[in-house]
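One file, input_3.tsv, is given below (TSV, C-alpha atoms).
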```
chain	number	residue	atom	x	y	z
A	136	MET	CA	0.00	0.00	0.00
A	137	SER	CA	1.58	3.34	-1.07
A	138	GLU	CA	1.96	6.08	1.52
A	139	GLN	CA	0.07	9.34	1.18
A	140	PRO	CA	2.31	12.28	0.21
A	141	ALA	CA	3.23	14.40	3.22
A	142	LEU	CA	1.22	17.54	3.60
A	143	THR	CA	3.08	20.81	3.83
A	144	ILE	CA	1.97	24.34	4.47
A	145	ASP	CA	3.44	26.85	2.07
A	146	ASP	CA	4.07	30.45	2.99
A	147	ALA	CA	1.67	31.93	0.48
A	148	GLN	CA	-1.65	33.37	1.55
A	149	PRO	CA	-4.61	31.74	-0.17
A	150	GLN	CA	-5.35	33.30	-3.54
A	151	GLY	CA	-8.45	35.46	-3.24
A	152	GLU	CA	-9.69	38.91	-2.28
A	153	TRP	CA	-10.28	38.10	1.37
A	154	THR	CA	-7.69	37.68	4.11
A	155	VAL	CA	-8.33	34.65	6.27
A	156	VAL	CA	-7.03	34.58	9.84
A	157	ALA	CA	-7.45	32.41	12.90
A	158	GLN	CA	-8.73	34.20	16.00
A	159	ASN	CA	-5.69	32.91	17.90
A	160	ARG	CA	-3.05	30.20	17.85
A	161	ARG	CA	-5.37	27.70	19.47
A	162	VAL	CA	-7.75	28.04	16.53
A	163	LEU	CA	-4.85	27.84	14.09
A	164	LYS	CA	-3.75	24.59	15.67
A	165	ALA	CA	-7.29	23.25	15.40
A	166	TRP	CA	-7.39	24.32	11.76
A	167	GLU	CA	-4.11	22.53	11.05
A	168	GLY	CA	-5.55	19.43	12.67
A	169	LEU	CA	-8.49	19.66	10.30
A	170	VAL	CA	-6.13	20.04	7.34
A	171	GLU	CA	-4.33	16.89	8.38
A	172	LYS	CA	-7.56	15.00	8.80
A	173	ALA	CA	-9.31	16.16	5.61
A	174	PRO	CA	-6.77	18.00	3.44
A	175	GLU	CA	-8.81	18.42	0.29
A	176	SER	CA	-11.99	19.46	2.08
A	177	ALA	CA	-10.04	21.92	4.23
A	178	SER	CA	-8.35	23.31	1.14
A	179	ASP	CA	-11.74	23.80	-0.54
A	180	CYS	CA	-12.96	25.53	2.60
A	181	LEU	CA	-10.00	27.88	2.69
A	182	HIS	CA	-10.42	28.69	-0.98
A	183	ARG	CA	-14.06	29.54	-0.42
A	184	LEU	CA	-13.33	31.66	2.65
A	185	SER	CA	-10.74	33.63	0.70
A	186	THR	CA	-12.98	34.20	-2.34
A	187	LYS	CA	-16.67	34.16	-1.42
A	188	PRO	CA	-17.18	33.74	2.33
A	189	MET	CA	-20.61	35.38	2.28
A	190	GLU	CA	-22.08	33.28	-0.48
A	191	ARG	CA	-24.50	30.72	0.85
A	192	ASN	CA	-24.23	27.15	-0.29
A	193	PRO	CA	-27.55	25.85	1.06
A	194	GLY	CA	-27.10	23.36	3.85
A	195	ARG	CA	-23.33	23.54	3.66
A	196	VAL	CA	-22.24	27.16	4.02
A	197	PHE	CA	-24.73	29.46	5.68
A	198	PRO	CA	-25.18	32.28	8.20
A	199	LEU	CA	-26.11	31.07	11.67
A	200	ARG	CA	-29.73	31.75	12.56
A	201	HIS	CA	-29.54	32.36	16.29
A	202	LYS	CA	-29.66	36.06	17.15
A	203	LYS	CA	-26.61	35.80	19.45
A	204	HIS	CA	-24.57	34.59	16.46
A	205	LYS	CA	-25.67	37.32	14.07
A	206	GLY	CA	-22.91	37.85	11.51
A	207	ALA	CA	-21.34	34.43	12.07
A	208	TRP	CA	-21.30	31.69	9.46
A	209	GLU	CA	-20.94	27.93	9.49
A	210	TYR	CA	-19.02	25.89	6.96
A	211	GLU	CA	-19.51	22.13	6.96
A	212	VAL	CA	-16.09	20.87	6.00
A	213	THR	CA	-17.08	17.21	6.27
A	214	SER	CA	-20.12	15.45	7.69
A	215	GLY	CA	-18.52	15.58	11.14
A	216	ASP	CA	-16.36	18.72	11.03
A	217	ARG	CA	-17.26	22.38	11.11
A	218	VAL	CA	-15.62	25.76	10.72
A	219	PHE	CA	-17.28	28.81	12.28
A	220	TYR	CA	-16.20	32.23	11.09
A	221	ILE	CA	-17.16	35.90	10.92
A	222	PRO	CA	-16.60	37.74	7.64
A	223	ASP	CA	-16.02	41.49	7.61
A	224	SER	CA	-17.02	42.84	4.22
A	225	ASP	CA	-15.52	46.31	4.91
A	226	LYS	CA	-12.09	44.94	5.71
A	227	LYS	CA	-12.42	41.96	3.37
A	228	LYS	CA	-11.30	39.77	6.22
A	229	VAL	CA	-12.53	36.47	7.58
A	230	VAL	CA	-11.82	35.52	11.17
A	231	VAL	CA	-12.07	31.81	11.93
A	232	TYR	CA	-13.16	31.19	15.51
A	233	TYR	CA	-13.55	27.43	15.49
A	234	ALA	CA	-12.37	24.51	13.37
A	235	GLY	CA	-13.09	20.97	14.40
A	236	LYS	CA	-15.75	18.46	15.30
A	237	HIS	CA	-19.44	19.20	15.18
A	238	VAL	CA	-20.25	21.12	18.36
A	239	THR	CA	-22.25	19.52	21.14
A	240	PRO	CA	-24.57	21.18	23.64
A	241	ALA	CA	-23.97	21.41	27.36
A	242	PRO	CA	-25.76	18.75	29.41
A	243	TYR	CA	-29.00	19.85	31.03
A	244	PRO	CA	-28.42	21.40	34.47
A	245	PRO	CA	-29.93	19.30	37.26
A	246	GLY	CA	-33.33	20.41	38.42
A	247	ILE	CA	-34.67	21.40	35.00
B	222	MET	CA	-68.22	-1.50	-9.54
B	223	THR	CA	-67.00	1.84	-10.76
B	224	GLU	CA	-67.03	3.98	-7.63
B	225	GLU	CA	-64.09	6.32	-7.33
B	226	VAL	CA	-61.79	5.87	-4.38
B	227	PHE	CA	-59.45	8.72	-3.45
B	228	GLN	CA	-60.42	10.41	-6.73
B	229	ASP	CA	-58.47	7.95	-8.84
B	230	GLU	CA	-59.59	5.39	-11.39
B	231	VAL	CA	-60.85	2.00	-10.18
B	232	VAL	CA	-59.94	-1.22	-11.97
B	233	ARG	CA	-60.90	-4.78	-11.12
B	234	ALA	CA	-58.10	-7.26	-10.57
B	235	THR	CA	-59.50	-9.35	-13.43
B	236	ASP	CA	-59.14	-6.35	-15.75
B	237	LEU	CA	-55.52	-6.06	-14.63
B	238	ASN	CA	-54.91	-9.63	-15.64
B	239	ARG	CA	-56.50	-9.10	-19.04
B	240	GLY	CA	-54.91	-5.78	-19.91
B	241	SER	CA	-51.99	-4.92	-17.67
B	242	GLY	CA	-50.42	-2.66	-20.27
B	243	GLU	CA	-53.46	-0.40	-20.44
B	244	VAL	CA	-53.72	-0.29	-16.64
B	245	LEU	CA	-50.06	0.63	-16.38
B	246	ASN	CA	-50.59	3.40	-18.92
B	247	LYS	CA	-53.37	4.76	-16.72
B	248	ALA	CA	-51.20	4.46	-13.63
B	249	ALA	CA	-48.50	6.42	-15.42
B	250	ARG	CA	-50.94	9.34	-15.64
B	251	GLY	CA	-52.35	9.07	-12.12
B	252	PRO	CA	-52.97	6.61	-9.26
B	253	VAL	CA	-55.21	3.65	-10.04
B	254	THR	CA	-57.17	1.62	-7.47
B	255	ILE	CA	-57.17	-2.16	-8.07
B	256	ILE	CA	-60.12	-3.98	-6.46
B	257	ARG	CA	-59.95	-7.67	-5.60
B	258	ASN	CA	-62.97	-8.91	-3.64
B	259	ASP	CA	-62.96	-6.67	-0.55
B	260	GLU	CA	-59.35	-5.60	-0.93
B	261	ALA	CA	-58.19	-2.38	-2.55
B	262	PHE	CA	-54.66	-1.70	-3.81
B	263	ALA	CA	-53.10	1.47	-5.14
B	264	LEU	CA	-51.01	1.40	-8.29
B	265	MET	CA	-48.97	4.49	-9.09
B	266	ARG	CA	-45.58	5.62	-10.37
B	267	ARG	CA	-42.81	5.01	-7.88
B	268	ASP	CA	-41.76	8.66	-7.85
B	269	VAL	CA	-45.34	9.72	-7.04
B	270	ALA	CA	-45.41	7.29	-4.11
B	271	ALA	CA	-42.04	8.59	-2.93
B	272	SER	CA	-43.28	12.17	-3.13
B	273	TRP	CA	-46.39	11.39	-1.06
B	274	ARG	CA	-44.25	9.55	1.47
B	275	LYS	CA	-41.91	12.52	1.70
B	276	GLU	CA	-44.80	14.94	2.13
B	277	ALA	CA	-46.25	12.85	4.93
B	278	SER	CA	-42.95	12.42	6.75
B	279	SER	CA	-42.14	16.13	6.42
B	280	ALA	CA	-45.55	17.04	7.81
B	281	THR	CA	-44.96	14.71	10.75
B	282	HIS	CA	-41.57	16.26	11.32
B	283	LEU	CA	-43.02	19.76	11.22
B	284	VAL	CA	-45.70	18.87	13.74
B	285	GLU	CA	-43.06	17.35	16.02
B	286	LEU	CA	-41.01	20.54	15.79
B	287	VAL	CA	-43.93	22.80	16.61
B	288	TRP	CA	-45.01	20.55	19.49
B	289	THR	CA	-41.47	20.47	20.82
B	290	ALA	CA	-41.21	24.24	20.58
B	291	LEU	CA	-44.31	24.50	22.79
B	292	SER	CA	-43.07	21.92	25.30
B	293	HIS	CA	-41.14	22.34	28.52
B	294	PRO	CA	-37.39	22.00	27.84
B	295	ALA	CA	-37.05	19.11	30.28
B	296	THR	CA	-39.47	17.02	28.25
B	297	VAL	CA	-37.78	17.59	24.90
B	298	ALA	CA	-36.35	14.51	23.18
B	299	PRO	CA	-32.56	14.70	22.83
B	300	GLU	CA	-32.62	14.91	19.04
B	301	TYR	CA	-34.84	18.00	19.24
B	302	ARG	CA	-33.00	19.78	21.98
B	303	TRP	CA	-31.60	22.31	19.53
B	304	ILE	CA	-35.03	23.95	19.40
B	305	THR	CA	-34.70	25.03	23.03
B	306	ALA	CA	-31.90	27.40	21.99
B	307	PHE	CA	-34.40	29.76	20.36
B	308	ASP	CA	-36.72	32.20	22.10
B	309	SER	CA	-40.38	32.51	21.17
B	310	GLU	CA	-39.71	35.21	18.59
B	311	GLN	CA	-37.15	33.12	16.75
B	312	THR	CA	-39.20	29.96	17.13
B	313	LEU	CA	-42.04	31.75	15.37
B	314	GLU	CA	-39.62	32.93	12.68
B	315	MET	CA	-38.39	29.37	12.19
B	316	THR	CA	-41.82	27.76	12.03
B	317	THR	CA	-43.06	30.45	9.64
B	318	GLU	CA	-40.14	29.81	7.30
B	319	LEU	CA	-40.51	26.06	7.50
B	320	MET	CA	-44.26	26.19	6.96
B	321	SER	CA	-43.79	28.33	3.88
B	322	ALA	CA	-41.14	25.95	2.53
B	323	TYR	CA	-43.37	22.97	3.28
B	324	ARG	CA	-46.31	24.44	1.36
B	325	LYS	CA	-44.07	25.24	-1.60
B	326	ALA	CA	-42.57	21.75	-1.61
B	327	ALA	CA	-45.99	20.09	-1.31
B	328	ARG	CA	-47.01	22.04	-4.44
B	329	ASP	CA	-43.95	21.44	-6.60
B	330	GLY	CA	-42.62	18.17	-5.15
B	331	ARG	CA	-39.13	19.58	-4.59
B	332	TRP	CA	-38.12	19.09	-0.97
B	333	GLY	CA	-34.55	20.36	-1.08
B	334	GLU	CA	-35.29	23.81	0.30
B	335	PHE	CA	-37.41	22.46	3.17
B	336	ASP	CA	-34.73	19.93	4.14
B	337	THR	CA	-32.00	22.57	3.87
B	338	LEU	CA	-33.85	25.10	6.03
B	339	LEU	CA	-34.49	22.48	8.67
B	340	HIS	CA	-30.83	21.51	8.63
B	341	GLU	CA	-29.62	25.12	8.92
B	342	TRP	CA	-31.94	25.91	11.81
B	343	SER	CA	-30.97	22.76	13.68
B	344	GLU	CA	-27.24	23.41	13.14
B	345	SER	CA	-27.75	26.97	14.39
B	346	GLY	CA	-29.56	25.68	17.46
B	347	TRP	CA	-26.80	23.20	18.30
B	348	ALA	CA	-24.22	25.96	17.81
B	349	ALA	CA	-26.08	28.25	20.19
B	350	LEU	CA	-26.17	25.54	22.88
B	351	SER	CA	-22.45	24.77	22.63
B	352	PRO	CA	-20.31	26.07	25.50
B	353	GLU	CA	-17.23	25.32	23.41
B	354	LEU	CA	-18.38	27.59	20.63
B	355	GLN	CA	-19.46	30.26	23.09
B	356	GLU	CA	-15.96	30.20	24.54
B	357	ALA	CA	-14.47	30.32	21.03
B	358	PHE	CA	-16.41	33.44	20.07
B	359	ALA	CA	-15.53	35.13	23.36
B	360	SER	CA	-11.85	34.19	23.22
B	361	GLN	CA	-9.14	36.79	23.21
B	362	SER	CA	-8.02	37.99	19.82
B	363	ASP	CA	-4.46	37.24	18.77
B	364	GLU	CA	-4.95	36.86	15.06
B	365	VAL	CA	-2.64	34.74	12.98
B	366	GLY	CA	-2.86	34.16	9.24
B	367	ILE	CA	-4.07	30.86	7.81
B	368	LYS	CA	-1.87	29.60	5.03
B	369	ASN	CA	-2.52	27.36	2.06
B	370	PRO	CA	-2.10	23.65	2.53
B	371	THR	CA	-0.20	22.20	-0.41
B	372	PHE	CA	0.61	18.74	-1.69
B	373	PRO	CA	4.08	17.98	-3.01
B	374	ALA	CA	4.19	17.09	-6.70
B	375	GLU	CA	4.22	13.32	-7.25
```
How would this structure read if it were set down as structure tokens?
Amino acid sequence: MSEQPALTIDDAQPQGEWTVVAQNRRVLKAWEGLVEKAPESASDCLHRLSTKPMERNPGRVFPLRHKKHKGAWEYEVTSGDRVFYIPDSDKKKVVVYYAGKHVTPAPYPPGI
Amino acid sequence: MTEEVFQDEVVRATDLNRGSGEVLNKAARGPVTIIRNDEAFALMRRDVAASWRKEASSATHLVELVWTALSHPATVAPEYRWITAFDSEQTLEMTTELMSAYRKAARDGRWGEFDTLLHEWSESGWAALSPELQEAFASQSDEVGIKNPTFPAE
């Protein structure tokens, strides 16, 4: 069985009008984990974030509906992985806040 | 016996045996009821049956959602817990959108938009309930650029 070619990160920013950044190094590390896990899907995601982050792809790329997340978007990288980001159309910048597994809710507090 | 059942054409089973081709041609245009003694069968195109099935299951799902939205959070089934993330204003917004999409889909038989809306609302609900995501959005900013992943040439 042949080995998969090693993945590398080049120094170039993704080609597109938008700058894509991670909120902090923790998010960057999570993003890199996603790249390792699903390189092509992550690459597609990055390409989309750098070119058309505010274009809805129904069911896959969409603005979050809850009022506390107004302005935030979800990208379904794979069936089990998500990226959450906020695009700023004035600055042409996308800030990624989360990259990783589908989020889970908190357990119900006792007494409810 | 020529009474209409469910507004479709009625055919005896013996007629089906004698002229199945003609009966199938009728069924291609609309549902046909086949009568055998006291039994009644429906013959229709497979895609028509699938569409009716989808309409029924979507209606059931919609009713479940509305009922859940009206229920106490502690009684909500785990798979519907995402609904509890929304207040009454947003719950009304959601059900209005879904109802509109349901009516449209029931008319034109295309369920993609209804399914998509349901998916996006549920994903948004789960996101709103996630402490991990809440922490992520509130985290301190220390921005760092995200670079291209590349694959070495083979």
Inset, instruction - Compute the set of chain B residues within 8 Å of chain A, using all atoms listed in the file, and express it as JSON, numbers by chain. - result: {"B": [294, 295, 306, 307, 311, 337, 338, 340, 341, 342, 344, 345, 346, 347, 348, 349, 350, 351, 352, 353, 354, 357, 358, 360, 361, 362, 363, 364, 365, 366, 367, 368, 369, 370, 371, 372, 373, 375]}
Legend entry - Residue nearest B:Tyr301 - candidates B:Ala271, B:Met265, B:Leu319, B:Leu339, atoms counted: all atoms listed in the file: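 Of all the options, B:Leu339 lies closest to B:Tyr301.
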Legend entry - Point-to-point distance in Å for atom CA of B:Gly330 and atom CA of B:Glu260: 29.4 Å
If you count all atoms listed in the file, which residues fall within 9 Å of A:Lys187, apart from same-chain ones fewer than 6 positions away, as a PDB file with C-alpha atoms, in the coordinates of the input?
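Written out: result-v9.pdb:
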```
ATOM      1  CA  GLY A 151      -8.450  35.460  -3.240  1.00  0.00           C
ATOM      2  CA  GLU A 152      -9.690  38.910  -2.280  1.00  0.00           C
ATOM      3  CA  TRP A 153     -10.280  38.100   1.370  1.00  0.00           C
TER       4      TRP A 153
END
```
Inset, instruction - Tell me, in Å to one decimal, how far atom CA of B:Leu291 is from atom CA of B:Lys325. - result: 24.4 Å
Inset, instruction - Would you mind reading off the distance between atom CA of B:Glu285 and atom CA of B:Arg328, one decimal, in Å? - result: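 Taking atom CA of B:Glu285 and atom CA of B:Arg328, their separation equals 21.4 Å.
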Box centre and edge lengths (Å, one decimal), axis-aligned, stretch 292-309 of chain B plus 5 Å each side, as lines of an AutoDock Vina configuration file:
```
center_x = -37.3
center_y = 23.5
center_z = 24.7
size_x = 21.5
size_y = 28.0
size_z = 21.2
```
Inset, instruction - Skip B:Leu264 itself and residues of its chain fewer than 4 positions away, then list as a list in words all residues within 9 Å of it, counting all atoms listed in the file. - result: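 Residues meeting the cut-off are Val244, Leu245, Ala248, Gly251, Pro252, Val253, Thr254 and Ile255 of chain B.
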